[in-house]
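> Contents are compact mmCIF, N, CA, C and O atoms; file name work.txt:
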# COMPACT_ATOMS: atom_id res chain seq x y z
N PRO A 68 -12.35 6.87 -5.04
CA PRO A 68 -12.51 8.30 -4.83
C PRO A 68 -11.39 9.08 -5.51
O PRO A 68 -10.31 8.54 -5.71
N PRO A 69 -11.64 10.32 -5.84
CA PRO A 69 -10.58 11.14 -6.43
C PRO A 69 -9.43 11.34 -5.44
O PRO A 69 -9.63 11.37 -4.23
N THR A 70 -8.21 11.45 -5.96
CA THR A 70 -7.05 11.55 -5.09
C THR A 70 -6.91 12.92 -4.43
O THR A 70 -6.10 13.08 -3.53
N ASP A 71 -7.70 13.89 -4.83
CA ASP A 71 -7.59 15.22 -4.23
C ASP A 71 -8.65 15.47 -3.15
O ASP A 71 -8.88 16.60 -2.74
N VAL A 72 -9.27 14.41 -2.65
CA VAL A 72 -10.28 14.54 -1.60
C VAL A 72 -9.65 15.07 -0.31
O VAL A 72 -10.21 15.92 0.37
N PHE A 73 -8.46 14.56 0.01
CA PHE A 73 -7.74 14.97 1.21
C PHE A 73 -6.43 15.63 0.80
O PHE A 73 -5.82 15.24 -0.20
N LYS A 74 -5.99 16.58 1.58
CA LYS A 74 -4.65 17.13 1.37
C LYS A 74 -3.66 16.07 1.84
O LYS A 74 -3.76 15.56 2.96
N LEU A 75 -2.72 15.71 0.98
CA LEU A 75 -1.79 14.64 1.31
C LEU A 75 -0.95 14.96 2.54
O LEU A 75 -0.57 14.07 3.29
N ALA A 76 -0.68 16.23 2.78
CA ALA A 76 0.10 16.61 3.97
C ALA A 76 -0.64 16.26 5.25
O ALA A 76 -0.02 16.03 6.29
N LYS A 77 -1.96 16.18 5.20
CA LYS A 77 -2.74 15.82 6.39
C LYS A 77 -2.69 14.32 6.67
O LYS A 77 -3.12 13.88 7.73
N LEU A 78 -2.19 13.54 5.72
CA LEU A 78 -2.18 12.08 5.87
C LEU A 78 -0.80 11.53 6.21
O LEU A 78 -0.56 10.33 6.09
N LEU A 79 0.09 12.39 6.64
CA LEU A 79 1.41 11.93 7.06
C LEU A 79 1.29 11.11 8.35
O LEU A 79 0.33 11.30 9.12
N PRO A 80 2.22 10.20 8.61
CA PRO A 80 2.10 9.31 9.78
C PRO A 80 1.99 10.02 11.12
O PRO A 80 1.40 9.49 12.04
N TYR A 81 2.54 11.20 11.25
CA TYR A 81 2.51 11.90 12.54
C TYR A 81 1.33 12.86 12.67
O TYR A 81 1.23 13.56 13.67
N GLU A 82 0.44 12.88 11.69
CA GLU A 82 -0.75 13.73 11.75
C GLU A 82 -1.93 12.97 12.36
O GLU A 82 -1.98 11.74 12.33
N SER A 83 -2.88 13.70 12.87
CA SER A 83 -4.11 13.11 13.40
C SER A 83 -5.28 13.54 12.52
O SER A 83 -5.50 14.73 12.32
N CYS A 84 -6.00 12.57 12.00
CA CYS A 84 -7.13 12.88 11.12
C CYS A 84 -8.47 12.53 11.76
O CYS A 84 -9.49 12.54 11.11
N VAL A 85 -8.46 12.22 13.03
CA VAL A 85 -9.69 11.86 13.73
C VAL A 85 -9.98 12.92 14.78
O VAL A 85 -9.17 13.20 15.65
N ARG A 86 -11.15 13.52 14.65
CA ARG A 86 -11.56 14.54 15.61
C ARG A 86 -13.01 14.27 15.99
O ARG A 86 -13.88 14.17 15.15
N CYS A 87 -13.24 14.16 17.28
CA CYS A 87 -14.61 13.97 17.77
C CYS A 87 -15.33 15.32 17.84
O CYS A 87 -16.52 15.40 17.60
N ASP A 88 -14.59 16.34 18.17
CA ASP A 88 -15.15 17.68 18.28
C ASP A 88 -14.39 18.57 17.29
O ASP A 88 -13.17 18.70 17.37
N PRO A 89 -15.09 19.19 16.34
CA PRO A 89 -14.41 20.01 15.34
C PRO A 89 -13.61 21.17 15.94
O PRO A 89 -12.67 21.66 15.33
N ASN A 90 -13.97 21.61 17.14
CA ASN A 90 -13.26 22.72 17.77
C ASN A 90 -12.10 22.26 18.64
O ASN A 90 -11.35 23.08 19.15
N ALA A 91 -11.95 20.95 18.80
CA ALA A 91 -10.90 20.42 19.66
C ALA A 91 -9.55 20.49 18.97
O ALA A 91 -9.45 20.51 17.74
N SER A 92 -8.50 20.52 19.76
CA SER A 92 -7.16 20.50 19.20
C SER A 92 -6.83 19.08 18.72
O SER A 92 -7.45 18.12 19.17
N PRO A 93 -5.87 18.96 17.83
CA PRO A 93 -5.51 17.63 17.32
C PRO A 93 -5.10 16.68 18.44
O PRO A 93 -4.46 17.08 19.39
N SER A 94 -5.49 15.44 18.30
CA SER A 94 -5.16 14.43 19.30
C SER A 94 -3.92 13.66 18.87
O SER A 94 -3.13 14.14 18.07
N ASN A 95 -3.76 12.48 19.37
CA ASN A 95 -2.61 11.64 19.03
C ASN A 95 -2.59 11.33 17.54
O ASN A 95 -3.63 11.27 16.89
N PRO A 96 -1.40 11.08 16.99
CA PRO A 96 -1.30 10.73 15.57
C PRO A 96 -2.09 9.47 15.24
O PRO A 96 -2.27 8.59 16.10
N THR A 97 -2.57 9.38 14.02
CA THR A 97 -3.35 8.23 13.57
C THR A 97 -2.71 7.63 12.31
O THR A 97 -3.29 7.69 11.22
N PRO A 98 -1.51 7.04 12.42
CA PRO A 98 -0.81 6.56 11.22
C PRO A 98 -1.53 5.43 10.50
O PRO A 98 -1.52 5.39 9.26
N LEU A 99 -2.16 4.51 11.21
CA LEU A 99 -2.85 3.40 10.55
C LEU A 99 -4.09 3.89 9.79
O LEU A 99 -4.35 3.46 8.67
N TYR A 100 -4.82 4.81 10.41
CA TYR A 100 -5.99 5.39 9.75
C TYR A 100 -5.55 6.17 8.51
O TYR A 100 -6.15 6.04 7.43
N ASN A 101 -4.50 6.96 8.65
CA ASN A 101 -4.00 7.75 7.53
C ASN A 101 -3.54 6.85 6.39
O ASN A 101 -3.81 7.12 5.22
N ASN A 102 -2.87 5.75 6.73
CA ASN A 102 -2.42 4.81 5.72
C ASN A 102 -3.60 4.15 5.01
O ASN A 102 -3.55 3.92 3.80
N SER A 103 -4.66 3.85 5.75
CA SER A 103 -5.85 3.27 5.13
C SER A 103 -6.46 4.22 4.11
O SER A 103 -6.87 3.80 3.02
N LEU A 104 -6.50 5.48 4.46
CA LEU A 104 -7.02 6.48 3.52
C LEU A 104 -6.13 6.57 2.28
O LEU A 104 -6.64 6.60 1.14
N LEU A 105 -4.83 6.61 2.47
CA LEU A 105 -3.91 6.68 1.34
C LEU A 105 -4.04 5.46 0.44
O LEU A 105 -4.04 5.57 -0.79
N SER A 106 -4.16 4.28 1.04
CA SER A 106 -4.31 3.06 0.26
C SER A 106 -5.56 3.10 -0.60
O SER A 106 -5.55 2.70 -1.76
N THR A 107 -6.64 3.59 -0.03
CA THR A 107 -7.90 3.68 -0.75
C THR A 107 -7.81 4.70 -1.88
O THR A 107 -8.30 4.46 -2.99
N LEU A 108 -7.18 5.82 -1.61
CA LEU A 108 -7.09 6.88 -2.61
C LEU A 108 -6.28 6.48 -3.83
O LEU A 108 -6.59 6.88 -4.95
N PHE A 109 -5.24 5.69 -3.63
CA PHE A 109 -4.33 5.37 -4.72
C PHE A 109 -4.42 3.93 -5.21
O PHE A 109 -3.57 3.47 -5.95
N TYR A 110 -5.48 3.23 -4.83
CA TYR A 110 -5.64 1.82 -5.19
C TYR A 110 -5.64 1.62 -6.71
O TYR A 110 -4.95 0.75 -7.24
N GLU A 111 -6.39 2.43 -7.42
CA GLU A 111 -6.49 2.29 -8.88
C GLU A 111 -5.14 2.53 -9.55
O GLU A 111 -4.76 1.81 -10.47
N GLN A 112 -4.41 3.53 -9.08
CA GLN A 112 -3.08 3.80 -9.64
C GLN A 112 -2.12 2.65 -9.36
O GLN A 112 -1.31 2.28 -10.22
N HIS A 113 -2.23 2.06 -8.18
CA HIS A 113 -1.38 0.92 -7.84
C HIS A 113 -1.69 -0.27 -8.75
O HIS A 113 -0.78 -0.93 -9.25
N LEU A 114 -2.97 -0.54 -8.97
CA LEU A 114 -3.33 -1.64 -9.86
C LEU A 114 -2.82 -1.41 -11.27
O LEU A 114 -2.33 -2.33 -11.93
N HIS A 115 -2.92 -0.19 -11.73
CA HIS A 115 -2.43 0.14 -13.07
C HIS A 115 -0.93 -0.12 -13.17
O HIS A 115 -0.46 -0.69 -14.16
N SER A 116 -0.18 0.27 -12.16
CA SER A 116 1.27 0.04 -12.20
C SER A 116 1.60 -1.45 -12.14
O SER A 116 2.56 -1.89 -12.80
N ILE A 117 0.82 -2.22 -11.41
CA ILE A 117 1.04 -3.68 -11.36
C ILE A 117 0.80 -4.29 -12.73
O ILE A 117 1.62 -5.08 -13.23
N PHE A 118 -0.32 -3.95 -13.36
CA PHE A 118 -0.64 -4.53 -14.67
C PHE A 118 0.37 -4.11 -15.72
O PHE A 118 0.74 -4.89 -16.60
N THR A 119 0.85 -2.87 -15.65
CA THR A 119 1.88 -2.42 -16.58
C THR A 119 3.16 -3.21 -16.39
O THR A 119 3.80 -3.64 -17.36
N ALA A 120 3.55 -3.42 -15.14
CA ALA A 120 4.76 -4.19 -14.85
C ALA A 120 4.62 -5.64 -15.32
O ALA A 120 5.58 -6.22 -15.84
N LEU A 121 3.44 -6.21 -15.17
CA LEU A 121 3.22 -7.59 -15.63
C LEU A 121 3.31 -7.70 -17.14
O LEU A 121 3.76 -8.72 -17.67
N GLU A 122 2.89 -6.66 -17.85
CA GLU A 122 3.00 -6.67 -19.32
C GLU A 122 4.47 -6.57 -19.74
O GLU A 122 4.88 -7.21 -20.71
N LEU A 123 5.24 -5.76 -19.01
CA LEU A 123 6.65 -5.57 -19.36
C LEU A 123 7.52 -6.76 -18.96
O LEU A 123 8.52 -7.05 -19.61
N CYS A 124 7.14 -7.42 -17.88
CA CYS A 124 7.94 -8.54 -17.37
C CYS A 124 7.02 -9.67 -16.91
O CYS A 124 6.62 -9.70 -15.74
N PRO A 125 6.67 -10.59 -17.81
CA PRO A 125 5.76 -11.68 -17.43
C PRO A 125 6.30 -12.56 -16.28
O PRO A 125 5.52 -13.18 -15.56
N ALA A 126 7.61 -12.59 -16.08
CA ALA A 126 8.20 -13.39 -14.99
C ALA A 126 7.83 -12.82 -13.62
O ALA A 126 7.96 -13.52 -12.61
N LEU A 127 7.35 -11.59 -13.59
CA LEU A 127 6.93 -10.99 -12.32
C LEU A 127 5.82 -11.81 -11.67
O LEU A 127 5.77 -11.93 -10.46
N ARG A 128 4.96 -12.40 -12.50
CA ARG A 128 3.86 -13.21 -11.97
C ARG A 128 4.40 -14.37 -11.13
O ARG A 128 3.93 -14.62 -10.02
N ASP A 129 5.42 -15.06 -11.62
CA ASP A 129 6.02 -16.17 -10.87
C ASP A 129 6.68 -15.66 -9.59
O ASP A 129 6.58 -16.30 -8.54
N ALA A 130 7.35 -14.52 -9.68
CA ALA A 130 7.99 -13.95 -8.50
C ALA A 130 6.96 -13.60 -7.43
O ALA A 130 7.17 -13.85 -6.23
N VAL A 131 5.83 -13.07 -7.85
CA VAL A 131 4.75 -12.73 -6.91
C VAL A 131 4.23 -13.99 -6.23
O VAL A 131 4.05 -14.02 -5.01
N PHE A 132 4.00 -15.05 -7.01
CA PHE A 132 3.53 -16.31 -6.42
C PHE A 132 4.52 -16.85 -5.41
O PHE A 132 4.14 -17.32 -4.34
N LEU A 133 5.81 -16.79 -5.73
CA LEU A 133 6.83 -17.29 -4.81
C LEU A 133 6.87 -16.48 -3.51
O LEU A 133 6.94 -17.05 -2.41
N VAL A 134 6.83 -15.18 -3.63
CA VAL A 134 6.87 -14.34 -2.43
C VAL A 134 5.62 -14.53 -1.57
O VAL A 134 5.69 -14.63 -0.35
N LYS A 135 4.45 -14.63 -2.22
CA LYS A 135 3.22 -14.84 -1.47
C LYS A 135 3.24 -16.18 -0.74
O LYS A 135 2.81 -16.29 0.41
N GLU A 136 3.76 -17.21 -1.39
CA GLU A 136 3.86 -18.52 -0.75
C GLU A 136 4.86 -18.48 0.39
O GLU A 136 4.63 -19.06 1.46
N TRP A 137 5.97 -17.78 0.22
CA TRP A 137 6.96 -17.62 1.27
C TRP A 137 6.34 -16.94 2.49
O TRP A 137 6.55 -17.36 3.63
N LEU A 138 5.57 -15.88 2.25
CA LEU A 138 4.88 -15.17 3.34
C LEU A 138 3.87 -16.09 4.04
O LEU A 138 3.78 -16.11 5.27
N ARG A 139 3.10 -16.84 3.24
CA ARG A 139 2.07 -17.71 3.80
C ARG A 139 2.69 -18.79 4.69
O ARG A 139 2.21 -19.05 5.79
N ARG A 140 3.76 -19.42 4.23
CA ARG A 140 4.39 -20.50 5.00
C ARG A 140 4.98 -20.03 6.32
O ARG A 140 5.13 -20.80 7.25
N ARG A 141 5.31 -18.77 6.38
CA ARG A 141 5.86 -18.22 7.62
C ARG A 141 4.82 -17.50 8.46
O ARG A 141 5.13 -16.96 9.51
N GLY A 142 3.59 -17.48 7.98
CA GLY A 142 2.51 -16.85 8.73
C GLY A 142 2.63 -15.33 8.80
O GLY A 142 2.08 -14.71 9.71
N LEU A 143 3.32 -14.75 7.85
CA LEU A 143 3.55 -13.31 7.88
C LEU A 143 2.45 -12.50 7.20
O LEU A 143 2.45 -11.28 7.28
N GLU A 144 1.54 -13.17 6.52
CA GLU A 144 0.51 -12.45 5.77
C GLU A 144 -0.80 -12.32 6.55
O GLU A 144 -1.75 -11.73 6.06
N THR A 145 -0.83 -12.82 7.77
CA THR A 145 -2.08 -12.79 8.52
C THR A 145 -1.95 -11.90 9.74
O THR A 145 -0.86 -11.55 10.18
N GLY A 146 -3.08 -11.56 10.28
CA GLY A 146 -3.11 -10.80 11.52
C GLY A 146 -2.89 -9.31 11.32
O GLY A 146 -2.64 -8.83 10.21
N TRP A 147 -2.98 -8.62 12.41
CA TRP A 147 -2.82 -7.17 12.39
C TRP A 147 -1.39 -6.84 12.02
O TRP A 147 -0.44 -7.34 12.61
N GLY A 148 -1.22 -6.01 11.00
CA GLY A 148 0.11 -5.64 10.56
C GLY A 148 0.76 -6.67 9.66
O GLY A 148 1.96 -6.61 9.41
N GLY A 149 -0.02 -7.63 9.17
CA GLY A 149 0.51 -8.65 8.28
C GLY A 149 0.97 -8.07 6.95
O GLY A 149 0.50 -7.02 6.52
N TYR A 150 1.89 -8.75 6.33
CA TYR A 150 2.44 -8.32 5.05
C TYR A 150 1.58 -8.93 3.95
O TYR A 150 1.79 -10.08 3.58
N THR A 151 0.62 -8.19 3.47
CA THR A 151 -0.37 -8.73 2.53
C THR A 151 0.25 -9.04 1.17
O THR A 151 1.30 -8.51 0.81
N GLY A 152 -0.45 -9.87 0.42
CA GLY A 152 -0.01 -10.20 -0.93
C GLY A 152 0.02 -8.98 -1.82
O GLY A 152 0.88 -8.84 -2.69
N PHE A 153 -0.94 -8.07 -1.62
CA PHE A 153 -0.97 -6.85 -2.42
C PHE A 153 0.27 -6.00 -2.14
O PHE A 153 0.91 -5.48 -3.06
N LEU A 154 0.63 -5.89 -0.88
CA LEU A 154 1.82 -5.12 -0.52
C LEU A 154 3.07 -5.77 -1.09
O LEU A 154 3.96 -5.07 -1.60
N ALA A 155 3.15 -7.09 -1.05
CA ALA A 155 4.29 -7.79 -1.62
C ALA A 155 4.36 -7.56 -3.13
O ALA A 155 5.45 -7.33 -3.68
N THR A 156 3.23 -7.58 -3.79
CA THR A 156 3.19 -7.33 -5.23
C THR A 156 3.64 -5.92 -5.55
O THR A 156 4.39 -5.68 -6.49
N MET A 157 3.19 -4.96 -4.74
CA MET A 157 3.60 -3.57 -4.95
C MET A 157 5.11 -3.41 -4.74
O MET A 157 5.77 -2.68 -5.47
N LEU A 158 5.67 -4.10 -3.75
CA LEU A 158 7.10 -4.01 -3.50
C LEU A 158 7.88 -4.58 -4.68
O LEU A 158 8.85 -3.97 -5.15
N LEU A 159 7.47 -5.73 -5.19
CA LEU A 159 8.15 -6.32 -6.34
C LEU A 159 8.02 -5.42 -7.57
O LEU A 159 8.97 -5.27 -8.35
N THR A 160 6.86 -4.81 -7.75
CA THR A 160 6.67 -3.88 -8.86
C THR A 160 7.59 -2.68 -8.73
O THR A 160 8.23 -2.25 -9.69
N TYR A 161 7.70 -2.17 -7.53
CA TYR A 161 8.59 -1.04 -7.27
C TYR A 161 10.04 -1.42 -7.57
O TYR A 161 10.77 -0.68 -8.24
N LEU A 162 10.47 -2.58 -7.09
CA LEU A 162 11.83 -3.02 -7.33
C LEU A 162 12.11 -3.23 -8.80
O LEU A 162 13.20 -2.90 -9.30
N LEU A 163 11.13 -3.74 -9.53
CA LEU A 163 11.27 -3.91 -10.96
C LEU A 163 11.40 -2.55 -11.66
O LEU A 163 12.27 -2.37 -12.53
N ASN A 164 10.60 -1.60 -11.26
CA ASN A 164 10.65 -0.27 -11.87
C ASN A 164 11.96 0.45 -11.56
O ASN A 164 12.44 1.24 -12.36
N CYS A 165 12.54 0.16 -10.40
CA CYS A 165 13.84 0.76 -10.03
C CYS A 165 15.01 -0.02 -10.61
O CYS A 165 16.16 0.34 -10.36
N ARG A 166 14.71 -1.09 -11.32
CA ARG A 166 15.74 -1.96 -11.87
C ARG A 166 16.59 -2.59 -10.77
O ARG A 166 17.78 -2.82 -10.94
N SER A 167 15.95 -2.86 -9.63
CA SER A 167 16.66 -3.48 -8.51
C SER A 167 16.57 -5.00 -8.54
O SER A 167 17.24 -5.67 -7.78
N VAL A 168 15.71 -5.53 -9.39
CA VAL A 168 15.59 -6.99 -9.52
C VAL A 168 15.72 -7.38 -10.97
O VAL A 168 15.55 -6.62 -11.85
Translate this file's structure into structure tokens.

Amino acid sequence: PPTDVFKLAKLLPYESCVRCDPNASPSNPTPLYNNSLLSTLFYEQHLHSIFTALELCPALRDAVFLVKEWLRRRGLETGWGGYTGFLATMLLTYLLNCRSV
């Protein structure tokens, strides 16, 4: 979907994006729901940044495999709130772009 479907300010962790009644006042914050929307909106941009980073630094692929295996062996990639391989790849890409690794 286009990234301008939702106002990004409405998707902050302390905002509520779920309303059963359009006339009702905002309910409790919905940070997980908001994060799911953000992830969906920016998925293509995230993939593009990963592929660009892999072209610039082929060793990133090995680092991603090592981190994913480390997460798997410790059981950190499963279950609710697990640290997914995609998230680990995005973190390594971010660190590479910041010249932190």
> Could you list, with a cut-off of 10 Å and counting only C-alpha atoms, the residues of region 103-140 of chain A near region 70-82 of chain A, each shown with its nearest atom pair and the distance in Å rounded to one decimal, rows sorted by chain and ascending number, as a Markdown table?

| residue | atom | partner | partner_atom | distance |
| --- | --- | --- | --- | --- |
| A:Ser103 | CA | A:Leu78 | CA | 9.6 |
| A:Leu104 | CA | A:Leu78 | CA | 7.8 |
| A:Leu105 | CA | A:Leu78 | CA | 7.3 |
| A:Thr107 | CA | A:Thr70 | CA | 9.0 |
| A:Leu108 | CA | A:Thr70 | CA | 5.3 |
| A:Phe109 | CA | A:Thr70 | CA | 6.8 |
| A:Tyr110 | CA | A:Thr70 | CA | 9.8 |
| A:Gln112 | CA | A:Thr70 | CA | 9.8 |
> Output as lines of an AutoDock Vina configuration file the centre and edge lengths (Å, one decimal) of the box along x, y and z of the file that holds every listed atom of region 154-157 of chain A after adding 6 Å on each side.

center_x = 3.2
center_y = -5.2
center_z = -3.5
size_x = 17.1
size_y = 17.1
size_z = 18.0
> In Å, how far is it from atom C of Leu133 (chain A) to atom C of Gly149 (chain A)?
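Atom-to-atom, atom C of Leu133 (chain A) to atom C of Gly149 (chain A), that is 14.7 Å.
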> Got a sec: who's within 12 Å of Cys124 (chain A), counting only C-alpha atoms, leaving out chain neighbours fewer than 5 positions off, as a list in words?
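The filter keeps Ile117, Phe118, Thr119, Asp129, Ala130, Val131, Leu159, Thr160, Leu163, Asn164, Arg166 and Val168 of chain A.
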> Take atom O of Met157 (chain A) and atom N of Val85 (chain A) and report the distance between them in Å, one decimal.
27.7 Å
> What is the distance, in Å and to one decimal place, between CA of Ala155 (chain A) and CA of Thr97 (chain A)?
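Taking CA of Ala155 (chain A) as the start and CA of Thr97 (chain A) as the end point, the length is 23.4 Å.
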> Got a sec to tell me which of chain A DSSP assigns to helix (DSSP H, G or I), as a PyMOL selection string?
chain A and resi 75-78+98-108+110-123+126-140+152-164
> Pick out the closest residue to Cys165 (chain A) from this set: A:Tyr150, A:Asn95, A:Ala120, A:Gly142. Count only C-alpha atoms.
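Checking each of A:Tyr150, A:Asn95, A:Ala120, A:Gly142 against Cys165 (chain A), counting only C-alpha atoms, the winner is A:Ala120.
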